[in-house]
Structure formats: C-alpha cells, structure tokens
>>> print(open('query_11.pdb').read())   # PDB, C-alpha atoms and all ligand atoms
ATOM      1  CA  MET K  11     -31.070 -24.557   8.481  1.00  0.00           C
ATOM      2  CA  ARG K  12     -28.813 -26.039   5.863  1.00  0.00           C
ATOM      3  CA  ARG K  13     -27.280 -23.144   3.972  1.00  0.00           C
ATOM      4  CA  ARG K  14     -26.467 -23.305   0.294  1.00  0.00           C
ATOM      5  CA  ILE K  15     -26.336 -21.102  -2.761  1.00  0.00           C
ATOM      6  CA  ARG K  16     -28.928 -22.136  -5.309  1.00  0.00           C
ATOM      7  CA  PRO K  17     -27.262 -22.431  -8.719  1.00  0.00           C
ATOM      8  CA  ARG K  18     -27.937 -20.109 -11.601  1.00  0.00           C
ATOM      9  CA  SER K  19     -29.430 -23.065 -13.480  1.00  0.00           C
ATOM     10  CA  SER K  20     -32.265 -23.079 -10.908  1.00  0.00           C
ATOM     11  CA  TRP K  21     -33.722 -19.920 -12.427  1.00  0.00           C
ATOM     12  CA  THR K  22     -32.341 -19.555 -15.970  1.00  0.00           C
ATOM     13  CA  SER K  23     -30.712 -21.448 -18.840  1.00  0.00           C
ATOM     14  CA  THR K  24     -28.865 -18.307 -20.004  1.00  0.00           C
ATOM     15  CA  ALA K  25     -25.099 -17.978 -19.574  1.00  0.00           C
ATOM     16  CA  PRO K  26     -23.876 -15.375 -17.061  1.00  0.00           C
ATOM     17  CA  GLY K  27     -22.917 -12.008 -18.550  1.00  0.00           C
ATOM     18  CA  GLY K  28     -20.075  -9.630 -17.755  1.00  0.00           C
ATOM     19  CA  GLU K  29     -16.315  -9.853 -18.136  1.00  0.00           C
ATOM     20  CA  ARG K  30     -14.044 -12.180 -16.197  1.00  0.00           C
ATOM     21  CA  ILE K  31     -12.480 -10.397 -13.208  1.00  0.00           C
ATOM     22  CA  PRO K  32      -9.957 -11.547 -10.594  1.00  0.00           C
ATOM     23  CA  ALA K  33     -11.078 -12.148  -7.009  1.00  0.00           C
ATOM     24  CA  PRO K  34     -12.015  -8.673  -5.700  1.00  0.00           C
ATOM     25  CA  ALA K  35     -11.507  -7.157  -2.246  1.00  0.00           C
ATOM     26  CA  GLU K  36     -14.840  -5.367  -1.924  1.00  0.00           C
ATOM     27  CA  TRP K  37     -18.518  -5.920  -2.343  1.00  0.00           C
ATOM     28  CA  TRP K  38     -21.602  -3.789  -1.985  1.00  0.00           C
ATOM     29  CA  LEU K  39     -25.035  -4.371  -0.565  1.00  0.00           C
ATOM     30  CA  HIS K  40     -28.117  -3.454  -2.607  1.00  0.00           C
ATOM     31  CA  HIS K  41     -31.856  -3.893  -2.485  1.00  0.00           C
ATOM     32  CA  THR K  42     -34.252  -4.174  -5.407  1.00  0.00           C
ATOM     33  CA  ALA K  43     -36.817  -1.753  -3.958  1.00  0.00           C
ATOM     34  CA  GLY K  44     -39.399  -3.918  -5.688  1.00  0.00           C
ATOM     35  CA  PRO K  45     -43.000  -2.667  -5.521  1.00  0.00           C
ATOM     36  CA  LYS K  46     -44.550  -5.857  -4.130  1.00  0.00           C
ATOM     37  CA  PRO K  47     -43.760  -7.871  -0.983  1.00  0.00           C
ATOM     38  CA  ILE K  48     -42.263 -11.238  -1.883  1.00  0.00           C
ATOM     39  CA  GLY K  49     -43.288 -13.216   1.188  1.00  0.00           C
ATOM     40  CA  GLY K  50     -40.821 -14.680   3.646  1.00  0.00           C
ATOM     41  CA  ALA K  51     -40.480 -18.361   4.447  1.00  0.00           C
ATOM     42  CA  SER K  52     -43.793 -18.953   2.694  1.00  0.00           C
ATOM     43  CA  ALA K  53     -42.544 -17.784  -0.721  1.00  0.00           C
ATOM     44  CA  THR K  54     -42.338 -20.643  -3.194  1.00  0.00           C
ATOM     45  CA  LEU K  55     -39.250 -21.416  -5.225  1.00  0.00           C
ATOM     46  CA  ALA K  56     -41.302 -20.819  -8.362  1.00  0.00           C
ATOM     47  CA  ARG K  57     -42.208 -17.294  -7.226  1.00  0.00           C
ATOM     48  CA  GLU K  58     -38.611 -16.423  -6.365  1.00  0.00           C
ATOM     49  CA  GLU K  59     -37.223 -17.829  -9.613  1.00  0.00           C
ATOM     50  CA  LYS K  60     -39.816 -15.921 -11.625  1.00  0.00           C
ATOM     51  CA  LEU K  61     -38.918 -12.713  -9.810  1.00  0.00           C
ATOM     52  CA  ILE K  62     -35.212 -13.186 -10.612  1.00  0.00           C
ATOM     53  CA  ARG K  63     -36.041 -13.799 -14.283  1.00  0.00           C
ATOM     54  CA  ALA K  64     -38.179 -10.647 -14.356  1.00  0.00           C
ATOM     55  CA  THR K  65     -35.336  -8.651 -12.790  1.00  0.00           C
ATOM     56  CA  ARG K  66     -32.897  -9.983 -15.376  1.00  0.00           C
ATOM     57  CA  ALA K  67     -35.313  -9.166 -18.209  1.00  0.00           C
ATOM     58  CA  TYR K  68     -35.628  -5.596 -16.920  1.00  0.00           C
ATOM     59  CA  HIS K  69     -31.842  -5.196 -16.669  1.00  0.00           C
ATOM     60  CA  VAL K  70     -31.107  -6.710 -20.095  1.00  0.00           C
ATOM     61  CA  GLN K  71     -34.016  -5.383 -22.160  1.00  0.00           C
ATOM     62  CA  GLY K  72     -34.896  -2.269 -20.184  1.00  0.00           C
ATOM     63  CA  ARG K  73     -31.451  -1.018 -19.206  1.00  0.00           C
ATOM     64  CA  GLY K  74     -29.172  -2.635 -21.780  1.00  0.00           C
ATOM     65  CA  PHE K  75     -27.042  -4.569 -19.279  1.00  0.00           C
ATOM     66  CA  GLN K  76     -25.312  -7.801 -20.272  1.00  0.00           C
ATOM     67  CA  ASP K  77     -27.137  -9.755 -17.573  1.00  0.00           C
ATOM     68  CA  ILE K  78     -28.886  -9.295 -14.250  1.00  0.00           C
ATOM     69  CA  ALA K  79     -26.798  -6.633 -12.511  1.00  0.00           C
ATOM     70  CA  TYR K  80     -25.740  -8.434  -9.315  1.00  0.00           C
ATOM     71  CA  SER K  81     -23.419 -11.256  -8.269  1.00  0.00           C
ATOM     72  CA  TRP K  82     -25.712 -12.946  -5.734  1.00  0.00           C
ATOM     73  CA  GLY K  83     -29.250 -12.456  -4.513  1.00  0.00           C
ATOM     74  CA  GLU K  84     -30.922 -13.071  -1.204  1.00  0.00           C
ATOM     75  CA  MET K  85     -34.636 -13.496  -0.652  1.00  0.00           C
ATOM     76  CA  PRO K  86     -36.659 -12.769   2.508  1.00  0.00           C
ATOM     77  CA  SER K  87     -36.989 -16.578   2.751  1.00  0.00           C
ATOM     78  CA  GLU K  88     -33.193 -16.590   3.480  1.00  0.00           C
ATOM     79  CA  ARG K  89     -32.559 -18.432   0.210  1.00  0.00           C
ATOM     80  CA  LEU K  90     -29.439 -17.373  -1.653  1.00  0.00           C
ATOM     81  CA  TYR K  91     -29.153 -17.479  -5.445  1.00  0.00           C
ATOM     82  CA  ASP K  92     -26.224 -17.385  -7.808  1.00  0.00           C
ATOM     83  CA  LEU K  93     -26.924 -14.483 -10.178  1.00  0.00           C
ATOM     84  CA  ARG K  94     -23.811 -13.573 -12.227  1.00  0.00           C
ATOM     85  CA  GLY K  95     -21.819 -15.530  -9.657  1.00  0.00           C
ATOM     86  CA  PRO K  96     -18.080 -15.235  -8.866  1.00  0.00           C
ATOM     87  CA  PHE K  97     -15.353 -13.770 -11.105  1.00  0.00           C
ATOM     88  CA  ARG K  98     -17.787 -11.659 -13.190  1.00  0.00           C
ATOM     89  CA  SER K  99     -18.009  -7.914 -13.540  1.00  0.00           C
ATOM     90  CA  GLY K 100     -21.379  -6.427 -12.666  1.00  0.00           C
ATOM     91  CA  GLY K 101     -23.799  -3.648 -13.501  1.00  0.00           C
ATOM     92  CA  HIS K 102     -24.523  -2.652  -9.946  1.00  0.00           C
ATOM     93  CA  THR K 103     -22.207  -0.002  -8.481  1.00  0.00           C
ATOM     94  CA  ARG K 104     -20.995   2.886 -10.651  1.00  0.00           C
ATOM     95  CA  GLY K 105     -17.217   2.983 -10.876  1.00  0.00           C
ATOM     96  CA  ARG K 106     -16.798  -0.305  -8.970  1.00  0.00           C
ATOM     97  CA  ASN K 107     -18.285  -2.865 -11.354  1.00  0.00           C
ATOM     98  CA  HIS K 108     -14.951  -4.441 -12.279  1.00  0.00           C
ATOM     99  CA  VAL K 109     -13.430  -4.447  -8.800  1.00  0.00           C
ATOM    100  CA  SER K 110     -16.279  -5.614  -6.610  1.00  0.00           C
ATOM    101  CA  TYR K 111     -19.174  -8.000  -6.163  1.00  0.00           C
ATOM    102  CA  ALA K 112     -22.722  -7.084  -5.291  1.00  0.00           C
ATOM    103  CA  VAL K 113     -25.238  -8.932  -3.203  1.00  0.00           C
ATOM    104  CA  VAL K 114     -28.810  -7.768  -3.598  1.00  0.00           C
ATOM    105  CA  ILE K 115     -31.597  -8.277  -1.103  1.00  0.00           C
ATOM    106  CA  PHE K 116     -34.915  -8.653  -2.880  1.00  0.00           C
ATOM    107  CA  GLY K 117     -37.459  -6.314  -1.355  1.00  0.00           C
ATOM    108  CA  GLU K 118     -37.833  -2.714  -0.217  1.00  0.00           C
ATOM    109  CA  TYR K 119     -35.780  -1.960   2.885  1.00  0.00           C
ATOM    110  CA  HIS K 120     -36.403   1.757   3.344  1.00  0.00           C
ATOM    111  CA  THR K 121     -39.696   1.401   5.167  1.00  0.00           C
ATOM    112  CA  ARG K 122     -41.521  -1.772   4.132  1.00  0.00           C
ATOM    113  CA  ASP K 123     -39.567  -5.030   4.570  1.00  0.00           C
ATOM    114  CA  THR K 124     -37.452  -6.211   7.488  1.00  0.00           C
ATOM    115  CA  VAL K 125     -34.003  -7.804   7.409  1.00  0.00           C
ATOM    116  CA  THR K 126     -34.433 -10.844   9.670  1.00  0.00           C
ATOM    117  CA  ARG K 127     -31.752 -12.556  11.754  1.00  0.00           C
ATOM    118  CA  GLY K 128     -31.851 -15.465   9.330  1.00  0.00           C
ATOM    119  CA  MET K 129     -31.210 -13.140   6.400  1.00  0.00           C
ATOM    120  CA  VAL K 130     -28.220 -11.646   8.199  1.00  0.00           C
ATOM    121  CA  GLN K 131     -26.927 -15.149   8.888  1.00  0.00           C
ATOM    122  CA  ALA K 132     -27.327 -16.076   5.208  1.00  0.00           C
ATOM    123  CA  ILE K 133     -25.214 -13.072   4.182  1.00  0.00           C
ATOM    124  CA  ARG K 134     -22.545 -14.147   6.672  1.00  0.00           C
ATOM    125  CA  TYR K 135     -22.651 -17.610   5.151  1.00  0.00           C
ATOM    126  CA  LEU K 136     -22.168 -16.125   1.675  1.00  0.00           C
ATOM    127  CA  VAL K 137     -19.124 -14.185   2.893  1.00  0.00           C
ATOM    128  CA  TRP K 138     -17.682 -17.320   4.486  1.00  0.00           C
ATOM    129  CA  LYS K 139     -18.337 -19.416   1.387  1.00  0.00           C
ATOM    130  CA  ALA K 140     -16.720 -16.788  -0.843  1.00  0.00           C
ATOM    131  CA  THR K 141     -13.687 -16.719   1.440  1.00  0.00           C
ATOM    132  CA  VAL K 142     -13.052 -20.461   1.637  1.00  0.00           C
ATOM    133  CA  GLU K 143     -13.719 -20.878  -2.098  1.00  0.00           C
ATOM    134  CA  GLU K 144     -11.292 -17.976  -2.788  1.00  0.00           C
ATOM    135  CA  TRP K 145     -13.862 -15.982  -4.760  1.00  0.00           C
ATOM    136  CA  VAL K 146     -12.629 -12.900  -2.847  1.00  0.00           C
ATOM    137  CA  GLN K 147      -9.341 -11.673  -1.450  1.00  0.00           C
ATOM    138  CA  PRO K 148      -8.763 -12.970   2.092  1.00  0.00           C
ATOM    139  CA  GLY K 149     -10.501 -10.899   4.754  1.00  0.00           C
ATOM    140  CA  THR K 150     -13.087  -9.351   2.444  1.00  0.00           C
ATOM    141  CA  TYR K 151     -16.361  -8.435   4.176  1.00  0.00           C
ATOM    142  CA  PRO K 152     -19.293  -6.443   2.838  1.00  0.00           C
ATOM    143  CA  THR K 153     -17.679  -3.074   2.195  1.00  0.00           C
ATOM    144  CA  GLY K 154     -20.786  -1.001   2.626  1.00  0.00           C
ATOM    145  CA  GLY K 155     -24.219  -0.185   1.324  1.00  0.00           C
ATOM    146  CA  HIS K 156     -24.522   1.010  -2.271  1.00  0.00           C
ATOM    147  CA  ARG K 157     -25.048   4.592  -1.025  1.00  0.00           C
ATOM    148  CA  GLN K 158     -21.530   4.525   0.488  1.00  0.00           C
ATOM    149  CA  ALA K 159     -19.780   3.661  -2.778  1.00  0.00           C
ATOM    150  CA  PRO K 160     -17.541   6.496  -4.055  1.00  0.00           C
ATOM    151  CA  GLU K 161     -19.643   7.521  -7.066  1.00  0.00           C
ATOM    152  CA  ALA K 162     -23.040   6.595  -5.685  1.00  0.00           C
ATOM    153  CA  ALA K 163     -26.039   8.908  -5.722  1.00  0.00           C
ATOM    154  CA  THR K 164     -28.688   6.627  -4.285  1.00  0.00           C
ATOM    155  CA  SER K 165     -30.413   5.731  -1.058  1.00  0.00           C
ATOM    156  CA  CYS K 166     -29.965   2.002  -1.846  1.00  0.00           C
ATOM    157  CA  PRO K 167     -30.023  -0.425   0.025  1.00  0.00           C
ATOM    158  CA  GLY K 168     -32.471   1.356   2.351  1.00  0.00           C
ATOM    159  CA  ASP K 169     -32.143   2.454   5.962  1.00  0.00           C
ATOM    160  CA  ARG K 170     -33.297  -0.882   7.360  1.00  0.00           C
ATOM    161  CA  ALA K 171     -30.637  -2.824   5.458  1.00  0.00           C
ATOM    162  CA  MET K 172     -27.992  -0.232   6.350  1.00  0.00           C
ATOM    163  CA  ALA K 173     -28.841  -0.711  10.031  1.00  0.00           C
ATOM    164  CA  LYS K 174     -27.950  -4.423   9.736  1.00  0.00           C
ATOM    165  CA  LEU K 175     -24.698  -3.982   7.838  1.00  0.00           C
ATOM    166  CA  ALA K 176     -22.479  -4.207  10.924  1.00  0.00           C
ATOM    167  CA  LYS K 177     -24.133  -7.488  11.856  1.00  0.00           C
ATOM    168  CA  MET K 178     -23.624  -8.827   8.324  1.00  0.00           C
ATOM    169  CA  ARG K 179     -19.917  -8.126   8.704  1.00  0.00           C
ATOM    170  CA  GLU K 180     -19.615 -10.379  11.746  1.00  0.00           C
ATOM    171  CA  PRO K 181     -18.040 -13.792  11.085  1.00  0.00           C
ATOM    172  CA  TYR K 182     -20.222 -16.714  10.104  1.00  0.00           C
ATOM    173  CA  GLU K 183     -20.067 -19.649  12.467  1.00  0.00           C
ATOM    174  CA  PRO K 184     -19.240 -22.424  10.031  1.00  0.00           C
ATOM    175  CA  PRO K 185     -20.562 -25.962  10.359  1.00  0.00           C
ATOM    176  CA  ARG K 186     -19.057 -27.738  13.323  1.00  0.00           C
ATOM    177  CA  SER K 187     -18.088 -30.707  11.206  1.00  0.00           C
ATOM    178  CA  PHE K 188     -16.675 -30.483   7.734  1.00  0.00           C
ATOM    179  CA  THR K 189     -13.841 -31.684   5.579  1.00  0.00           C
ATOM    180  CA  ILE K 190     -11.563 -29.853   3.200  1.00  0.00           C
ATOM    181  CA  ARG K 191     -10.562 -31.873   0.159  1.00  0.00           C
ATOM    182  CA  LYS K 192      -8.034 -31.331  -2.563  1.00  0.00           C
ATOM    183  CA  PRO K 193      -9.455 -31.500  -6.089  1.00  0.00           C
ATOM    184  CA  ASN K 194      -8.212 -35.127  -6.299  1.00  0.00           C
ATOM    185  CA  GLY K 195     -10.415 -36.029  -3.348  1.00  0.00           C
ATOM    186  CA  GLU K 196      -7.638 -36.314  -0.758  1.00  0.00           C
ATOM    187  CA  VAL K 197      -8.771 -35.079   2.658  1.00  0.00           C
ATOM    188  CA  VAL K 198      -6.323 -32.438   3.874  1.00  0.00           C
ATOM    189  CA  GLN K 199      -8.274 -31.130   6.847  1.00  0.00           C
ATOM    190  CA  ARG K 200     -11.022 -32.669   8.903  1.00  0.00           C
ATOM    191  CA  SER K 201     -12.558 -30.612  11.616  1.00  0.00           C
ATOM    192  CA  GLY K 202     -14.953 -30.870  14.476  1.00  0.00           C
ATOM    193  CA  GLU K 203     -14.670 -27.393  15.946  1.00  0.00           C
ATOM    194  CA  LYS K 204     -12.929 -25.163  13.437  1.00  0.00           C
ATOM    195  CA  THR K 205     -13.745 -21.512  13.176  1.00  0.00           C
ATOM    196  CA  GLU K 206     -13.638 -19.311  10.130  1.00  0.00           C
ATOM    197  CA  GLU K 207     -10.317 -17.874  11.278  1.00  0.00           C
ATOM    198  CA  LEU K 208      -8.726 -21.311  11.506  1.00  0.00           C
ATOM    199  CA  VAL K 209      -9.966 -22.246   8.065  1.00  0.00           C
ATOM    200  CA  ALA K 210      -8.719 -18.957   6.634  1.00  0.00           C
ATOM    201  CA  ARG K 211      -5.316 -19.422   8.276  1.00  0.00           C
ATOM    202  CA  PHE K 212      -5.146 -22.947   6.928  1.00  0.00           C
ATOM    203  CA  LEU K 213      -5.966 -21.866   3.381  1.00  0.00           C
ATOM    204  CA  LYS K 214      -3.400 -19.082   3.552  1.00  0.00           C
ATOM    205  CA  ARG K 215      -0.699 -21.648   4.304  1.00  0.00           C
ATOM    206  CA  MET K 216      -1.521 -23.610   1.185  1.00  0.00           C
ATOM    207  CA  ASP K 217      -0.334 -22.929  -2.335  1.00  0.00           C
ATOM    208  CA  VAL K 218      -1.967 -19.962  -3.979  1.00  0.00           C
ATOM    209  CA  GLY K 219      -4.243 -21.021  -6.790  1.00  0.00           C
ATOM    210  CA  THR K 220      -5.083 -24.456  -5.426  1.00  0.00           C
ATOM    211  CA  ARG K 221      -8.804 -24.973  -5.198  1.00  0.00           C
ATOM    212  CA  PHE K 222     -10.210 -26.698  -2.162  1.00  0.00           C
ATOM    213  CA  LYS K 223     -13.637 -28.050  -1.579  1.00  0.00           C
ATOM    214  CA  VAL K 224     -15.247 -27.631   1.831  1.00  0.00           C
ATOM    215  CA  ARG K 225     -17.951 -30.208   2.336  1.00  0.00           C
ATOM    216  CA  ARG K 226     -20.312 -30.132   5.219  1.00  0.00           C
ATOM    217  CA  ILE K 227     -20.722 -33.612   6.686  1.00  0.00           C
ATOM    218  CA  ARG K 228     -23.151 -32.845   9.466  1.00  0.00           C
TER     219      ARG K 228
HETATM  220 ZN    ZN E 301     -28.029  -0.434  -5.295  1.00  0.00          ZN
END
>>> encode(input="query_11.pdb", output="structure tokens", more="lines below")
Ligand SMILES: [Zn+2]
Amino acid sequence: MRRRIRPRSSWTSTAPGGERIPAPAEWWLHHTAGPKPIGGASATLAREEKLIRATRAYHVQGRGFQDIAYSWGEMPSERLYDLRGPFRSGGHTRGRNHVSYAVVIFGEYHTRDTVTRGMVQAIRYLVWKATVEEWVQPGTYPTGGHRQAPEAATSCPGDRAMAKLAKMREPYEPPRSFTIRKPNGEVVQRSGEKTEELVARFLKRMDVGTRFKVRRIR
C-alpha cells in the first residue's frame, strides 16, 4: 500500500488553529471513542471527511477549541489525515498541548474496534515521515497513550490501542527506493536499501534547519 498523509484541504477549507510551536519531542495517542463504527477498508473518503468535519465542529462549537484538537488522524481504513498538522499546539492532552503532538485513531478501542496490523504500520509511517521532515526532534516515538500523560484522568485511547503501542513504536521500514532532494531540487542521497536509521544519521550530519524532501520513486 502506498502510504501518504491526506492534506487538510481534503476535508476542510478552514485554516488550522493553534499557536506555532517548535518541533516537539513527544506525542500522545488518542481515540475518538465515537459511538458508531466507521467501517474499515470499505469506508468511503466522503464518509471519513464528513466525520472529521463533524469532530472539528464539536471541538470548535461544542468545546470552544480553536480547531479540531489533534495533529493527525488515522482511520480504520489505514488512511492518515492532516488535522492541525505539524508545528501547531493542540487541544488534546492537558498540560502537554504546547510541547507535543497528538495522533487520534477514529473509533472506540476499549471494547469495540480493533487496531489492525495495517493501522499500526500507518502510525509507524507517520512517525518516520515526521522524523525525516523534521517535524519532531530526532528519535521521537509515540510517547504513550493519553492516559499515561502526566495530568491525564482518562481511559483514552482504550485498552486495545494501548496493547498495540509497543508495536507502533517499532521503526517503519521505509520504501526501498527513494531520493532525498535539497529544496533546489539537487539530489543529495539516492538509496536502494536505506533504513530509517541511515536516513536519520544522514539528516543529522546535514545543516540544522535545512529542509529536505524525501520522494518515493518506487
Ligand atoms: Zn485522548
């Protein structure tokens, strides 16, 4: 499956809310605990986009947040969505909203829905993407479930999601073929067999603040 993060513009024309924050070193896993099953691979884009809009409307109008609470969202279909996206404070984890990101899994993971292997792999992809794009400090993996955050008083993200957290923290196997380009288009690294660690080591050697684009060519 070709992994990607669907852009915010796929589900809303509104601008992302929250304050600008520097690349954090932690992020927290949540679930929506939504009342209705969403459907897995069979869920349509239209259904997922509508659900994200409804969640945003609840957070903004119902709870007074500046935007949907979370940084990224994952659906049971394995699709990932940009919500507030990188470098934005959130409304997700009391006491940590300006120093962390949040990824939310849509669904109820106490007793109803199941975190599939594909969903775990998508979270790993998100972590990898955030690392190579420098949205996070190097070596940042999902810190824990919401319930483990210092000021949390919640059972979020559900026992079933908690049980998969260790697997989500394992490294993503990146595409076997990809290029890394400087912003001017110059190819600085071309790889057939590079692992996440090699990419991370490579990026660390480069100037801080330089943005690189990793493009999958397979
Ligand atoms: Zn939560």
>>> resolve_selection(input="query_11.pdb", expression="the PyMOL selection byres (((not hetatm)) within 12 of (chain E and resi 301))", output="MDAnalysis selection string")
chainID K and resid 37:44 79:80 100:104 106:107 111:119 154:159 161:168 171:172
>>> closest_residue(input="query_11.pdb", among="K:Pro45, K:Pro26, K:Pro96, K:Pro34", to="Pro152 of chain K", atoms="only C-alpha atoms")
K:Pro34
>>> resolve_selection(input="query_11.pdb", expression="the PyMOL selection byres (((chain K and resi 75) around 10) and not hetatm)", output="PDB file with C-alpha atoms, keeping the file's coordinate frame")
ATOM      1  CA  GLY K  27     -22.917 -12.008 -18.550  1.00  0.00           C
ATOM      2  CA  GLY K  28     -20.075  -9.630 -17.755  1.00  0.00           C
ATOM      3  CA  ARG K  66     -32.897  -9.983 -15.376  1.00  0.00           C
ATOM      4  CA  ALA K  67     -35.313  -9.166 -18.209  1.00  0.00           C
ATOM      5  CA  TYR K  68     -35.628  -5.596 -16.920  1.00  0.00           C
ATOM      6  CA  HIS K  69     -31.842  -5.196 -16.669  1.00  0.00           C
ATOM      7  CA  VAL K  70     -31.107  -6.710 -20.095  1.00  0.00           C
ATOM      8  CA  GLN K  71     -34.016  -5.383 -22.160  1.00  0.00           C
ATOM      9  CA  GLY K  72     -34.896  -2.269 -20.184  1.00  0.00           C
ATOM     10  CA  ARG K  73     -31.451  -1.018 -19.206  1.00  0.00           C
ATOM     11  CA  GLY K  74     -29.172  -2.635 -21.780  1.00  0.00           C
ATOM     12  CA  GLN K  76     -25.312  -7.801 -20.272  1.00  0.00           C
ATOM     13  CA  ASP K  77     -27.137  -9.755 -17.573  1.00  0.00           C
ATOM     14  CA  ILE K  78     -28.886  -9.295 -14.250  1.00  0.00           C
ATOM     15  CA  ALA K  79     -26.798  -6.633 -12.511  1.00  0.00           C
ATOM     16  CA  GLY K 100     -21.379  -6.427 -12.666  1.00  0.00           C
ATOM     17  CA  GLY K 101     -23.799  -3.648 -13.501  1.00  0.00           C
ATOM     18  CA  HIS K 102     -24.523  -2.652  -9.946  1.00  0.00           C
TER      19      HIS K 102
END
>>> closest_residue(input="query_11.pdb", among="K:Asp169, K:Glu183, K:Glu36, K:Glu84", to="Glu58 of chain K", atoms="all atoms listed in the file")
K:Glu84
>>> closest_residue(input="query_11.pdb", among="K:Lys177, K:Arg30, K:Lys46, K:Arg14", to="Arg98 of chain K", atoms="only C-alpha atoms")
K:Arg30
>>> atom_distance(input="query_11.pdb", atom1="atom CA of Lys60 of chain K", atom2="atom CA of Ser110 of chain K")
26.2 Å
>>> axis_aligned_box(input="query_11.pdb", around="segment 128-141 of chain K", padding_each_side="3 Å", output="JSON")
{"center_x": -22.8, "center_y": -15.5, "center_z": 4.2, "size_x": 24.2, "size_y": 13.8, "size_z": 16.2}
>>> residues_near_point(input="query_11.pdb", point="(-30.0, -15.8, -6.5)", cutoff="8 Å", atoms="all atoms listed in the file", output="number ranges by chain")
K: 15-18, 62, 82-85, 89-93
>>> atom_distance(input="query_11.pdb", atom1="atom CA of Ser23 of chain K", atom2="atom CA of Val142 of chain K")
27.1 Å
>>> closest_residue(input="query_11.pdb", among="K:Ala53, K:Ala33, K:Val137, K:Ala64", to="Met178 of chain K", atoms="all atoms listed in the file")
K:Val137
>>> atom_distance(input="query_11.pdb", atom1="atom CA of Ser81 of chain K", atom2="atom CA of Val146 of chain K")
12.2 Å
>>> closest_residue(input="query_11.pdb", among="K:Ile31, K:Thr22, K:Lys139, K:Arg122", to="Ile48 of chain K", atoms="all atoms listed in the file")
K:Arg122
>>> closest_residue(input="query_11.pdb", among="K:Arg170, K:Pro86, K:Pro148, K:Thr65", to="Thr121 of chain K", atoms="all atoms listed in the file")
K:Arg170
>>> residues_around(input="query_11.pdb", residues="Tyr182 of chain K", least_positions_apart="5", cutoff="9 Å", atoms="only C-alpha atoms", output="ChimeraX atom specification")
/K:131-138,205-206
